[in-house]
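Pasted below: protein-v2.cif, mmCIF, C-alpha atoms.
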data_my_file
loop_
_atom_site.label_atom_id
_atom_site.label_comp_id
_atom_site.auth_asym_id
_atom_site.auth_seq_id
_atom_site.Cartn_x
_atom_site.Cartn_y
_atom_site.Cartn_z
CA MET Z 1 55.68 135.45 -3.12
CA ARG Z 2 52.00 135.27 -3.94
CA PRO Z 3 50.50 138.07 -5.99
CA ALA Z 4 47.94 140.37 -4.41
CA VAL Z 5 44.40 140.25 -5.84
CA ASP Z 6 43.54 142.45 -8.80
CA VAL Z 7 40.33 144.26 -7.82
CA SER Z 8 38.51 147.51 -8.45
CA VAL Z 9 35.61 149.30 -6.78
CA GLY Z 10 32.45 147.19 -6.71
CA PHE Z 11 34.27 143.83 -6.81
CA GLN Z 12 32.78 141.16 -4.54
CA PRO Z 13 34.66 137.93 -3.70
CA GLU Z 14 32.66 134.68 -3.80
CA PRO Z 15 30.44 134.73 -0.65
CA GLY Z 16 31.18 132.27 2.18
CA SER Z 17 29.12 130.57 4.86
CA PHE Z 18 29.51 128.85 8.21
CA GLY Z 19 27.15 126.82 10.32
CA PRO Z 20 24.67 126.10 11.70
CA VAL Z 21 26.75 127.08 14.74
CA THR Z 22 26.98 124.19 17.24
CA GLN Z 23 28.09 124.03 20.85
CA THR Z 24 31.09 122.06 19.57
CA ASP Z 25 32.11 124.95 17.28
CA ILE Z 26 31.99 127.32 20.25
CA VAL Z 27 33.89 124.98 22.58
CA ARG Z 28 36.55 124.36 19.91
CA PHE Z 29 37.06 128.10 19.57
CA ALA Z 30 37.06 128.57 23.36
CA GLY Z 31 39.90 126.04 23.59
CA ALA Z 32 41.83 127.62 20.71
CA ALA Z 33 41.46 131.18 21.97
CA GLY Z 34 41.34 130.73 25.75
CA ASP Z 35 37.93 132.35 26.22
CA PHE Z 36 36.20 130.47 29.04
CA ASN Z 37 33.41 132.94 29.82
CA PRO Z 38 30.50 130.61 30.87
CA LEU Z 39 28.14 132.61 28.64
CA HIS Z 40 29.63 130.59 25.78
CA HIS Z 41 29.39 127.02 27.13
CA ASP Z 42 27.32 126.74 30.34
CA ALA Z 43 23.57 126.52 29.62
CA ASP Z 44 22.65 126.69 33.34
CA TYR Z 45 24.59 129.93 33.69
CA VAL Z 46 23.07 131.32 30.48
CA SER Z 47 19.52 130.55 31.70
CA ARG Z 48 20.14 132.99 34.60
CA THR Z 49 21.06 135.80 32.14
CA GLY Z 50 18.86 137.45 29.55
CA PHE Z 51 19.98 135.26 26.65
CA ARG Z 52 17.82 132.54 25.09
CA THR Z 53 20.69 130.10 24.49
CA VAL Z 54 24.44 130.01 24.76
CA ILE Z 55 25.89 132.69 22.48
CA ALA Z 56 29.10 132.55 20.47
CA MET Z 57 31.99 134.81 21.44
CA GLY Z 58 32.24 137.69 18.95
CA GLN Z 59 35.81 136.63 18.23
CA LEU Z 60 34.47 133.38 16.71
CA GLN Z 61 32.51 135.15 13.99
CA ALA Z 62 35.25 137.81 13.64
CA GLY Z 63 37.85 135.07 13.14
CA ILE Z 64 35.65 133.22 10.65
CA LEU Z 65 35.01 136.42 8.67
CA ALA Z 66 38.71 137.41 8.68
CA GLY Z 67 39.82 133.88 7.73
CA TRP Z 68 37.31 133.70 4.89
CA LEU Z 69 38.63 137.05 3.59
CA THR Z 70 42.32 136.05 3.76
CA ASP Z 71 41.64 132.62 2.19
CA TRP Z 72 40.79 134.77 -0.83
CA CYS Z 73 43.28 137.70 -0.65
CA GLY Z 74 46.22 136.07 1.21
CA VAL Z 75 46.91 136.78 4.89
CA GLU Z 76 50.21 138.49 4.00
CA HIS Z 77 48.24 141.09 2.01
CA LEU Z 78 45.91 142.08 4.85
CA ARG Z 79 46.89 145.50 6.25
CA SER Z 80 44.04 146.11 8.69
CA PHE Z 81 40.74 144.59 9.75
CA THR Z 82 38.08 146.27 11.90
CA VAL Z 83 34.83 144.71 13.08
CA ARG Z 84 31.90 145.94 15.11
CA PHE Z 85 29.63 143.44 16.86
CA SER Z 86 26.01 144.36 16.20
CA ALA Z 87 24.00 141.29 17.24
CA PRO Z 88 24.66 138.06 19.15
CA VAL Z 89 25.08 134.69 17.37
CA SER Z 90 23.18 131.80 18.98
CA LEU Z 91 23.31 128.04 18.56
CA GLY Z 92 21.78 127.03 15.23
CA ASP Z 93 22.52 130.33 13.50
CA GLU Z 94 24.03 130.20 10.00
CA LEU Z 95 26.54 132.86 9.01
CA GLN Z 96 26.67 134.31 5.49
CA LEU Z 97 29.95 136.08 4.75
CA SER Z 98 30.40 138.77 2.13
CA ALA Z 99 32.58 141.71 1.16
CA GLU Z 100 32.74 144.45 -1.43
CA VAL Z 101 35.55 146.76 -2.54
CA ILE Z 102 34.46 150.32 -1.69
CA ASP Z 103 37.65 152.24 -2.51
CA VAL Z 104 41.06 151.82 -4.12
CA ARG Z 105 43.92 154.16 -3.28
CA THR Z 106 47.63 154.43 -2.57
CA GLU Z 107 48.80 154.24 1.05
CA ASP Z 108 52.50 154.61 1.98
CA GLY Z 109 53.35 153.98 -1.69
CA VAL Z 110 51.35 150.71 -1.74
CA GLU Z 111 48.26 150.10 -3.90
CA VAL Z 112 45.45 149.14 -1.52
CA ALA Z 113 41.75 148.33 -1.60
CA ASP Z 114 39.26 149.07 1.19
CA LEU Z 115 36.45 146.57 1.60
CA ALA Z 116 33.21 146.61 3.53
CA VAL Z 117 32.88 143.19 5.20
CA VAL Z 118 29.84 141.66 6.86
CA ALA Z 119 28.63 138.42 8.46
CA ARG Z 120 24.85 138.05 8.46
CA CYS Z 121 22.41 135.62 10.06
CA GLY Z 122 19.40 135.84 7.77
CA GLN Z 123 18.77 139.57 7.30
CA THR Z 124 20.60 140.58 10.49
CA ALA Z 125 24.19 141.81 10.32
CA VAL Z 126 25.95 140.25 13.32
CA VAL Z 127 29.44 141.52 12.53
CA HIS Z 128 30.31 144.28 10.10
CA GLY Z 129 33.38 146.31 9.41
CA THR Z 130 36.15 147.16 7.01
CA ALA Z 131 39.35 145.60 5.74
CA CYS Z 132 42.28 147.16 3.95
CA ILE Z 133 44.24 144.82 1.67
CA GLN Z 134 47.13 145.21 -0.70
CA ARG Z 135 46.01 144.99 -4.33
CA ARG Z 136 47.74 144.45 -7.63
CA SER Z 137 47.51 147.48 -9.90
CA SER Z 138 46.60 146.44 -13.42
CA MET T 1 26.08 161.90 37.21
CA GLU T 2 28.68 159.84 39.00
CA THR T 3 32.25 160.98 38.67
CA ILE T 4 34.57 158.45 37.08
CA GLU T 5 38.30 158.83 37.19
CA SER T 6 39.83 158.37 33.76
CA LEU T 7 41.78 155.18 33.26
CA VAL T 8 43.83 156.49 30.31
CA GLY T 9 47.46 155.38 30.47
CA ILE T 10 46.90 152.42 32.81
CA VAL T 11 48.71 149.20 31.80
CA VAL T 12 46.07 146.47 31.92
CA ASP T 13 48.36 143.49 31.41
CA ASP T 14 51.73 142.53 29.99
CA ILE T 15 52.07 139.08 28.45
CA ALA T 16 54.58 137.18 26.32
CA PHE T 17 54.15 134.02 24.30
CA THR T 18 55.66 132.05 21.43
CA VAL T 19 53.56 131.59 18.29
CA GLU T 20 53.32 127.82 17.89
CA ARG T 21 52.51 125.76 14.77
CA GLY T 22 50.09 123.55 16.67
CA LYS T 23 48.17 126.54 18.05
CA ILE T 24 48.01 128.08 14.56
CA ARG T 25 46.51 124.82 13.26
CA GLU T 26 44.02 124.69 16.14
CA PHE T 27 42.96 128.30 15.57
CA GLN T 28 42.74 127.72 11.81
CA ARG T 29 40.35 124.81 12.35
CA ALA T 30 38.32 126.72 14.93
CA THR T 31 37.79 129.58 12.45
CA SER T 32 37.16 127.31 9.44
CA THR T 33 40.07 128.87 7.50
CA CYS T 34 41.47 126.86 4.56
CA ASP T 35 44.64 128.50 3.18
CA PRO T 36 47.50 125.92 3.33
CA VAL T 37 50.01 128.66 4.35
CA HIS T 38 48.64 128.11 7.88
CA HIS T 39 49.66 124.44 8.11
CA ASP T 40 51.97 123.54 5.19
CA ARG T 41 55.54 124.86 5.45
CA ALA T 42 56.08 124.36 1.70
CA ALA T 43 53.07 126.59 0.94
CA ALA T 44 54.40 129.18 3.41
CA ALA T 45 57.83 129.00 1.72
CA ASP T 46 56.18 129.55 -1.68
CA ALA T 47 54.59 132.68 -0.21
CA GLY T 48 58.05 133.84 0.93
CA TYR T 49 58.00 132.92 4.64
CA ALA T 50 60.30 130.72 6.73
CA ASP T 51 57.46 129.00 8.59
CA VAL T 52 53.68 128.73 8.59
CA LEU T 53 51.65 131.94 8.92
CA ALA T 54 49.08 132.54 11.63
CA THR T 55 45.47 133.27 10.67
CA PRO T 56 44.64 137.00 10.78
CA THR T 57 43.08 137.21 14.25
CA HIS T 58 45.49 134.70 15.84
CA VAL T 59 46.69 136.95 18.69
CA VAL T 60 43.26 136.44 20.26
CA VAL T 61 45.03 133.38 21.78
CA ALA T 62 46.43 135.90 24.28
CA GLY T 63 43.21 135.06 26.16
CA HIS T 64 45.08 132.00 27.48
CA TYR T 65 47.58 134.22 29.27
CA ARG T 66 45.20 136.82 30.64
CA ASP T 67 42.80 136.91 33.56
CA GLN T 68 39.56 138.44 32.27
CA SER T 69 37.83 138.97 35.60
CA ALA T 70 41.02 140.43 37.15
CA PHE T 71 41.42 143.13 34.51
CA VAL T 72 37.73 143.98 34.50
CA SER T 73 37.71 144.52 38.25
CA MET T 74 41.04 146.37 38.07
CA LEU T 75 39.39 148.82 35.66
CA GLY T 76 36.40 149.15 38.01
CA LEU T 77 33.98 147.79 35.40
CA ASP T 78 31.06 145.41 35.94
CA ILE T 79 31.64 142.26 33.84
CA ALA T 80 27.89 141.55 33.63
CA ARG T 81 27.30 144.89 31.83
CA ILE T 82 30.27 144.76 29.42
CA VAL T 83 30.13 143.95 25.74
CA VAL T 84 32.91 144.24 23.18
CA GLY T 85 31.84 146.94 20.73
CA SER T 86 34.58 146.69 18.13
CA VAL T 87 38.04 145.32 17.50
CA THR T 88 40.72 146.48 15.03
CA TRP T 89 43.85 144.63 13.94
CA GLU T 90 46.62 146.58 12.19
CA PHE T 91 49.40 144.54 10.65
CA GLY T 92 53.05 145.46 10.17
CA ARG T 93 53.62 141.97 8.77
CA PRO T 94 51.94 138.58 9.11
CA VAL T 95 52.46 136.64 12.35
CA VAL T 96 54.78 133.66 11.68
CA ALA T 97 55.26 130.45 13.70
CA GLY T 98 58.24 130.93 16.01
CA ASP T 99 57.56 134.62 16.64
CA GLU T 100 58.21 135.58 20.26
CA LEU T 101 55.51 138.17 20.91
CA ARG T 102 55.06 140.49 23.84
CA GLY T 103 51.82 142.42 24.24
CA ILE T 104 51.45 145.30 26.68
CA ARG T 105 47.78 146.30 26.85
CA VAL T 106 47.11 149.95 27.72
CA VAL T 107 43.95 152.01 28.17
CA VAL T 108 44.03 154.67 25.42
CA ALA T 109 40.53 156.18 25.79
CA ASP T 110 37.84 156.28 28.48
CA GLU T 111 34.63 158.12 27.66
CA VAL T 112 31.04 158.33 28.83
CA ARG T 113 28.41 158.72 26.09
CA GLN T 114 24.65 158.88 25.90
CA GLY T 115 23.28 155.45 24.95
CA ARG T 116 20.74 155.10 22.11
CA ARG T 117 18.08 153.85 24.52
CA GLY T 118 18.84 156.53 27.08
CA GLY T 119 21.17 156.05 30.01
CA LEU T 120 24.91 156.45 29.93
CA MET T 121 27.42 154.10 28.39
CA ARG T 122 31.05 154.02 29.36
CA ILE T 123 33.43 153.20 26.51
CA VAL T 124 36.94 152.05 27.38
CA THR T 125 39.43 151.53 24.52
CA LEU T 126 42.41 149.23 25.02
CA GLU T 127 45.39 149.04 22.67
CA THR T 128 47.94 146.23 22.50
CA PRO T 129 50.96 146.36 20.22
CA TYR T 130 52.30 142.79 19.90
CA CYS T 131 56.05 143.28 19.40
CA ASP T 132 58.54 140.71 18.15
CA ALA T 133 62.02 140.01 19.56
CA THR T 134 63.38 143.11 17.77
CA GLY T 135 60.76 145.30 19.51
CA THR T 136 58.85 145.95 16.27
CA ALA T 137 55.04 145.86 16.40
CA VAL T 138 53.90 142.94 14.23
CA VAL T 139 50.21 143.52 14.90
CA THR T 140 48.40 146.11 17.00
CA VAL T 141 44.96 145.34 18.40
CA ARG T 142 42.46 147.96 19.58
CA GLU T 143 39.42 146.78 21.55
CA GLU T 144 36.48 148.97 22.48
CA LEU T 145 34.64 147.76 25.60
CA ILE T 146 31.17 149.11 26.28
CA GLU T 147 29.76 149.13 29.80
CA ARG T 148 26.03 149.73 29.66
CA GLY T 149 24.41 151.90 32.30
CA ALA T 150 23.33 150.05 35.45
CA SER T 151 19.67 150.98 34.99
CA SER T 152 19.23 150.19 31.27
#

Mind converting the file's structure to structure tokens?
Amino acid sequence: MRPAVDVSVGFQPEPGSFGPVTQTDIVRFAGAAGDFNPLHHDADYVSRTGFRTVIAMGQLQAGILAGWLTDWCGVEHLRSFTVRFSAPVSLGDELQLSAEVIDVRTEDGVEVADLAVVARCGQTAVVHGTACIQRRSS
Amino acid sequence: METIESLVGIVVDDIAFTVERGKIREFQRATSTCDPVHHDRAAAADAGYADVLATPTHVVVAGHYRDQSAFVSMLGLDIARIVVGSVTWEFGRPVVAGDELRGIRVVVADEVRQGRRGGLMRIVTLETPYCDATGTAVVTVREELIERGASS
């Protein structure tokens, strides 16, 4: 068994990053996840829509943000993860990943921490949400 | 205002798949996730599991077994106007290689709201409990689809 992280309100794990996002990153994720919407790989198709370039599927940045979080806290300690997609991610964008503990409490007899999580491109939040993880009580 | 019949209770799709080590590794690489519990059985054993653990959002691979345009048209939505608003994953336990999962996706909410830029938005919420061979939900996913108004 791996211990849960020992955190209190205000704690921030070491920030993460990803990118610049390439067409290869998007295609690799499309193959892994089975998302073959042409908006994510077909530039001719995209040019007929309102987007400037191919955009990443939200599940790419959600998966990167969730994976970055569980690399730190342990995937077996993640109880829930919610994300809202607030802006598209285009080719060349760089993601900055961060989180902060906003509450600690007991849920079903388990010590847990709630975190605010966000992926930003520059100043723009592209994905933001919350995570609930098990924590070690000190 | 057009009248829309509520879709609540409709089963969107019903899929089953085995969680495979190779797919976990592929998904791990695609999401730039590093923890060795996703590819090293010894690391997974140290964490108390019989096989490697999937990355947190792994059940997104269900996309391979679903037909996106079929379910969108079945729900009477216009794919060109749909965006995914939010997604929630709730875990009963981590997903482990070898799990036989079945996911039945159901419409749990169907609402029309005023959009921020005027016009109406339709918000359809889908919920999928992914159950293991014992029928226990390992992870439950809720997806909120937003269909923007035709004129906005």

May I have the residues within 8 Å of Leu78 in chain Z as a short mmCIF file (atom, residue, chain, number, x, y, z; two decimals) with C-alpha atoms, keeping the file's coordinate frame, using all atoms listed in the file and disregarding those fewer than 5 positions away in the same chain?
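Saved as selection.cif:
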data_model
loop_
_atom_site.label_atom_id
_atom_site.label_comp_id
_atom_site.auth_asym_id
_atom_site.auth_seq_id
_atom_site.Cartn_x
_atom_site.Cartn_y
_atom_site.Cartn_z
CA THR Z 70 42.32 136.05 3.76
CA CYS Z 73 43.28 137.70 -0.65
CA ALA Z 131 39.35 145.60 5.74
CA CYS Z 132 42.28 147.16 3.95
CA ILE Z 133 44.24 144.82 1.67
CA GLN Z 134 47.13 145.21 -0.70
CA PRO T 56 44.64 137.00 10.78
CA PHE T 91 49.40 144.54 10.65
#

Please determine, counting all atoms listed in the file, which residue among T:Phe71, T:Val11, T:Gly85, T:Gly76 has the shortest atom-to-atom distance to Ser86 in chain Z.
T:Gly85

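When CA of Ser90 in chain Z is paired with CA of Thr53 in chain Z, their separation reads 6.3 Å.
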
Find the nearest atom pair between each residue of chain Z and chain T for residues within 7 Å, count only C-alpha atoms, give distances in Å to one decimal, sort rows by chain and ascending number, and present the table as JSON lines.
{"residue": "Z:Met1", "atom": "CA", "partner": "T:Ala47", "partner_atom": "CA", "distance": 4.2}
{"residue": "Z:Arg2", "atom": "CA", "partner": "T:Ala47", "partner_atom": "CA", "distance": 5.2}
{"residue": "Z:Asp25", "atom": "CA", "partner": "T:Ala30", "partner_atom": "CA", "distance": 6.9}
{"residue": "Z:Arg28", "atom": "CA", "partner": "T:Ala30", "partner_atom": "CA", "distance": 5.8}
{"residue": "Z:Phe29", "atom": "CA", "partner": "T:Ala30", "partner_atom": "CA", "distance": 5.0}
{"residue": "Z:Ala32", "atom": "CA", "partner": "T:Phe27", "partner_atom": "CA", "distance": 5.3}
{"residue": "Z:Ala33", "atom": "CA", "partner": "T:Val61", "partner_atom": "CA", "distance": 4.2}
{"residue": "Z:Gly34", "atom": "CA", "partner": "T:His64", "partner_atom": "CA", "distance": 4.3}
{"residue": "Z:Asp35", "atom": "CA", "partner": "T:Gly63", "partner_atom": "CA", "distance": 5.9}
{"residue": "Z:Leu60", "atom": "CA", "partner": "T:Thr31", "partner_atom": "CA", "distance": 6.6}
{"residue": "Z:Gly63", "atom": "CA", "partner": "T:Thr31", "partner_atom": "CA", "distance": 5.5}
{"residue": "Z:Ile64", "atom": "CA", "partner": "T:Thr31", "partner_atom": "CA", "distance": 4.6}
{"residue": "Z:Ala66", "atom": "CA", "partner": "T:Pro56", "partner_atom": "CA", "distance": 6.3}
{"residue": "Z:Gly67", "atom": "CA", "partner": "T:Thr33", "partner_atom": "CA", "distance": 5.0}
{"residue": "Z:Trp68", "atom": "CA", "partner": "T:Thr33", "partner_atom": "CA", "distance": 6.1}
{"residue": "Z:Asp71", "atom": "CA", "partner": "T:Asp35", "partner_atom": "CA", "distance": 5.2}
{"residue": "Z:Val75", "atom": "CA", "partner": "T:Pro56", "partner_atom": "CA", "distance": 6.3}
{"residue": "Z:Glu76", "atom": "CA", "partner": "T:Pro94", "partner_atom": "CA", "distance": 5.4}
{"residue": "Z:Arg79", "atom": "CA", "partner": "T:Phe91", "partner_atom": "CA", "distance": 5.2}
{"residue": "Z:Ser80", "atom": "CA", "partner": "T:Glu90", "partner_atom": "CA", "distance": 4.4}
{"residue": "Z:Phe81", "atom": "CA", "partner": "T:Trp89", "partner_atom": "CA", "distance": 5.2}
{"residue": "Z:Thr82", "atom": "CA", "partner": "T:Thr88", "partner_atom": "CA", "distance": 4.1}
{"residue": "Z:Val83", "atom": "CA", "partner": "T:Ser86", "partner_atom": "CA", "distance": 5.4}
{"residue": "Z:Arg84", "atom": "CA", "partner": "T:Ser86", "partner_atom": "CA", "distance": 4.1}
{"residue": "Z:Phe85", "atom": "CA", "partner": "T:Gly85", "partner_atom": "CA", "distance": 5.7}

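You will find CA of Ser137 in chain Z at 19.2 Å from CA of Leu69 in chain Z.
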
I'd like the interatomic distance between CA of His77 in chain Z and CA of Ala56 in chain Z, to a tenth of an Å.
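Between CA of His77 in chain Z and CA of Ala56 in chain Z the gap is 27.9 Å.
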
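Shell of Gly9 in chain T at 10 Å, with only C-alpha atoms counted and residues fewer than 2 places along the chain excluded, is Ser6, Leu7, Val11, Val12, Arg105, Val106, Val107, Val108, Ala109, Asp110 and Leu126 of chain T.
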
Need the shell around range 116-124 of chain Z: protein/DNA/RNA residues with any atom at most 6 Å away, counting all atoms listed in the file. Skip same-chain ones fewer than 5 positions apart. Format as a VMD selection string?
chain Z and resid 94 to 100 129 to 130

Taking the file as shown, what set of residues would the PyMOL selection byres ((chain Z and resi 43) around 12) give back, as a CSV table (one decimal) with C-alpha atoms, in the coordinates of the input?
chain,number,residue,atom,x,y,z
Z,23,GLN,CA,28.1,124.0,20.8
Z,37,ASN,CA,33.4,132.9,29.8
Z,38,PRO,CA,30.5,130.6,30.9
Z,39,LEU,CA,28.1,132.6,28.6
Z,40,HIS,CA,29.6,130.6,25.8
Z,41,HIS,CA,29.4,127.0,27.1
Z,42,ASP,CA,27.3,126.7,30.3
Z,44,ASP,CA,22.6,126.7,33.3
Z,45,TYR,CA,24.6,129.9,33.7
Z,46,VAL,CA,23.1,131.3,30.5
Z,47,SER,CA,19.5,130.6,31.7
Z,48,ARG,CA,20.1,133.0,34.6
Z,49,THR,CA,21.1,135.8,32.1
Z,50,GLY,CA,18.9,137.4,29.6
Z,51,PHE,CA,20.0,135.3,26.6
Z,52,ARG,CA,17.8,132.5,25.1
Z,53,THR,CA,20.7,130.1,24.5
Z,54,VAL,CA,24.4,130.0,24.8
Z,55,ILE,CA,25.9,132.7,22.5
Z,90,SER,CA,23.2,131.8,19.0
Z,91,LEU,CA,23.3,128.0,18.6

Restricting the calculation to only C-alpha atoms: of Z:Val127, Z:Val112, Z:Leu65, Z:Ala87, which residue gets closest to Pro15 in chain Z?
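Ranking Z:Val127, Z:Val112, Z:Leu65, Z:Ala87 by distance to Pro15 in chain Z, first place goes to Z:Leu65.
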
Among the residues T:Gly118, T:Arg113, T:Arg81, T:Ile123, the one that comes closest to Arg148 in chain T [using all atoms listed in the file]:
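Going through T:Gly118, T:Arg113, T:Arg81, T:Ile123 one by one, the smallest distance to Arg148 in chain T is for T:Arg81.
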
Residues returned when the PyMOL selection byres ((chain Z and resi 4-8) around 8) runs on this file, as a ChimeraX atom specification:
/Z:2-3,9-11,73-74,77,101,103-104,113,134-138

Box centre and edge lengths (Å, one decimal), axis-aligned, range 36-47 of chain Z plus 5 Å each side, as JSON:
{"center_x": 27.9, "center_y": 129.7, "center_z": 29.7, "size_x": 26.7, "size_y": 16.4, "size_z": 17.9}

Name the residues within 7 Å of (32.6, 150.8, 29.6), counting all atoms listed in the file in the file's coordinates, and put them as a list in words.
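Returned residue set, sorted by chain then number, is Leu77, Ile82, Met121, Arg122, Ile123, Val124, Leu145, Ile146, Glu147 and Arg148 of chain T.
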
Based on the selection just made, write C-alpha atoms of those residues as a short mmCIF file (atom, residue, chain, number, x, y, z; two decimals), in the coordinates of the input.
data_model
loop_
_atom_site.label_atom_id
_atom_site.label_comp_id
_atom_site.auth_asym_id
_atom_site.auth_seq_id
_atom_site.Cartn_x
_atom_site.Cartn_y
_atom_site.Cartn_z
CA LEU T 77 33.98 147.79 35.40
CA ILE T 82 30.27 144.76 29.42
CA MET T 121 27.42 154.10 28.39
CA ARG T 122 31.05 154.02 29.36
CA ILE T 123 33.43 153.20 26.51
CA VAL T 124 36.94 152.05 27.38
CA LEU T 145 34.64 147.76 25.60
CA ILE T 146 31.17 149.11 26.28
CA GLU T 147 29.76 149.13 29.80
CA ARG T 148 26.03 149.73 29.66
#

Distance criterion (all atoms listed in the file): nearest to Gln12 in chain Z out of Z:Asp93, Z:Asp114, Z:Gln61, Z:Thr106
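Using all atoms listed in the file, Gln12 in chain Z sits closest to Z:Asp114.
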
Just need range 7-14 of chain T in a file, please: all heavy atoms, as an mmCIF file, in the first residue's frame.
data_model
loop_
_atom_site.group_PDB
_atom_site.id
_atom_site.type_symbol
_atom_site.label_atom_id
_atom_site.label_comp_id
_atom_site.auth_asym_id
_atom_site.auth_seq_id
_atom_site.Cartn_x
_atom_site.Cartn_y
_atom_site.Cartn_z
ATOM 1 N N LEU T 7 -35.598 13.543 -22.822
ATOM 2 C CA LEU T 7 -34.927 12.279 -23.142
ATOM 3 C C LEU T 7 -34.599 11.465 -21.892
ATOM 4 O O LEU T 7 -34.021 10.383 -21.992
ATOM 5 C CB LEU T 7 -33.615 12.585 -23.877
ATOM 6 C CG LEU T 7 -33.729 13.363 -25.181
ATOM 7 C CD1 LEU T 7 -32.348 13.822 -25.646
ATOM 8 C CD2 LEU T 7 -34.365 12.494 -26.246
ATOM 9 N N VAL T 8 -34.955 12.000 -20.707
ATOM 10 C CA VAL T 8 -34.540 11.363 -19.453
ATOM 11 C C VAL T 8 -34.978 9.900 -19.400
ATOM 12 O O VAL T 8 -36.126 9.575 -19.697
ATOM 13 C CB VAL T 8 -35.095 12.144 -18.238
ATOM 14 C CG1 VAL T 8 -34.849 11.382 -16.937
ATOM 15 C CG2 VAL T 8 -34.454 13.524 -18.171
ATOM 16 N N GLY T 9 -34.033 9.037 -19.057
ATOM 17 C CA GLY T 9 -34.310 7.612 -18.909
ATOM 18 C C GLY T 9 -33.910 6.786 -20.124
ATOM 19 O O GLY T 9 -33.807 5.566 -20.047
ATOM 20 N N ILE T 10 -33.630 7.466 -21.245
ATOM 21 C CA ILE T 10 -33.252 6.732 -22.467
ATOM 22 C C ILE T 10 -31.852 6.123 -22.304
ATOM 23 O O ILE T 10 -30.927 6.786 -21.830
ATOM 24 C CB ILE T 10 -33.289 7.678 -23.691
ATOM 25 C CG1 ILE T 10 -34.734 7.953 -24.065
ATOM 26 C CG2 ILE T 10 -32.507 7.116 -24.873
ATOM 27 C CD1 ILE T 10 -34.896 8.883 -25.250
ATOM 28 N N VAL T 11 -31.703 4.856 -22.691
ATOM 29 C CA VAL T 11 -30.377 4.210 -22.720
ATOM 30 C C VAL T 11 -29.717 4.593 -24.036
ATOM 31 O O VAL T 11 -30.251 4.331 -25.110
ATOM 32 C CB VAL T 11 -30.496 2.677 -22.595
ATOM 33 C CG1 VAL T 11 -29.130 2.022 -22.817
ATOM 34 C CG2 VAL T 11 -31.049 2.298 -21.224
ATOM 35 N N VAL T 12 -28.571 5.257 -23.937
ATOM 36 C CA VAL T 12 -27.882 5.760 -25.125
ATOM 37 C C VAL T 12 -27.068 4.643 -25.775
ATOM 38 O O VAL T 12 -27.091 4.452 -26.980
ATOM 39 C CB VAL T 12 -26.967 6.938 -24.743
ATOM 40 C CG1 VAL T 12 -26.204 7.445 -25.948
ATOM 41 C CG2 VAL T 12 -27.767 8.052 -24.098
ATOM 42 N N ASP T 13 -26.303 3.935 -24.975
ATOM 43 C CA ASP T 13 -25.565 2.777 -25.483
ATOM 44 C C ASP T 13 -25.164 1.863 -24.328
ATOM 45 O O ASP T 13 -25.246 2.243 -23.155
ATOM 46 C CB ASP T 13 -24.361 3.173 -26.357
ATOM 47 C CG ASP T 13 -23.572 4.366 -25.838
ATOM 48 O OD1 ASP T 13 -23.462 4.516 -24.604
ATOM 49 O OD2 ASP T 13 -23.055 5.140 -26.663
ATOM 50 N N ASP T 14 -24.783 0.660 -24.685
ATOM 51 C CA ASP T 14 -24.482 -0.390 -23.709
ATOM 52 C C ASP T 14 -23.270 -1.128 -24.262
ATOM 53 O O ASP T 14 -23.365 -1.794 -25.289
ATOM 54 C CB ASP T 14 -25.717 -1.308 -23.611
ATOM 55 C CG ASP T 14 -25.519 -2.469 -22.637
ATOM 56 O OD1 ASP T 14 -24.388 -2.701 -22.166
ATOM 57 O OD2 ASP T 14 -26.523 -3.160 -22.373
#
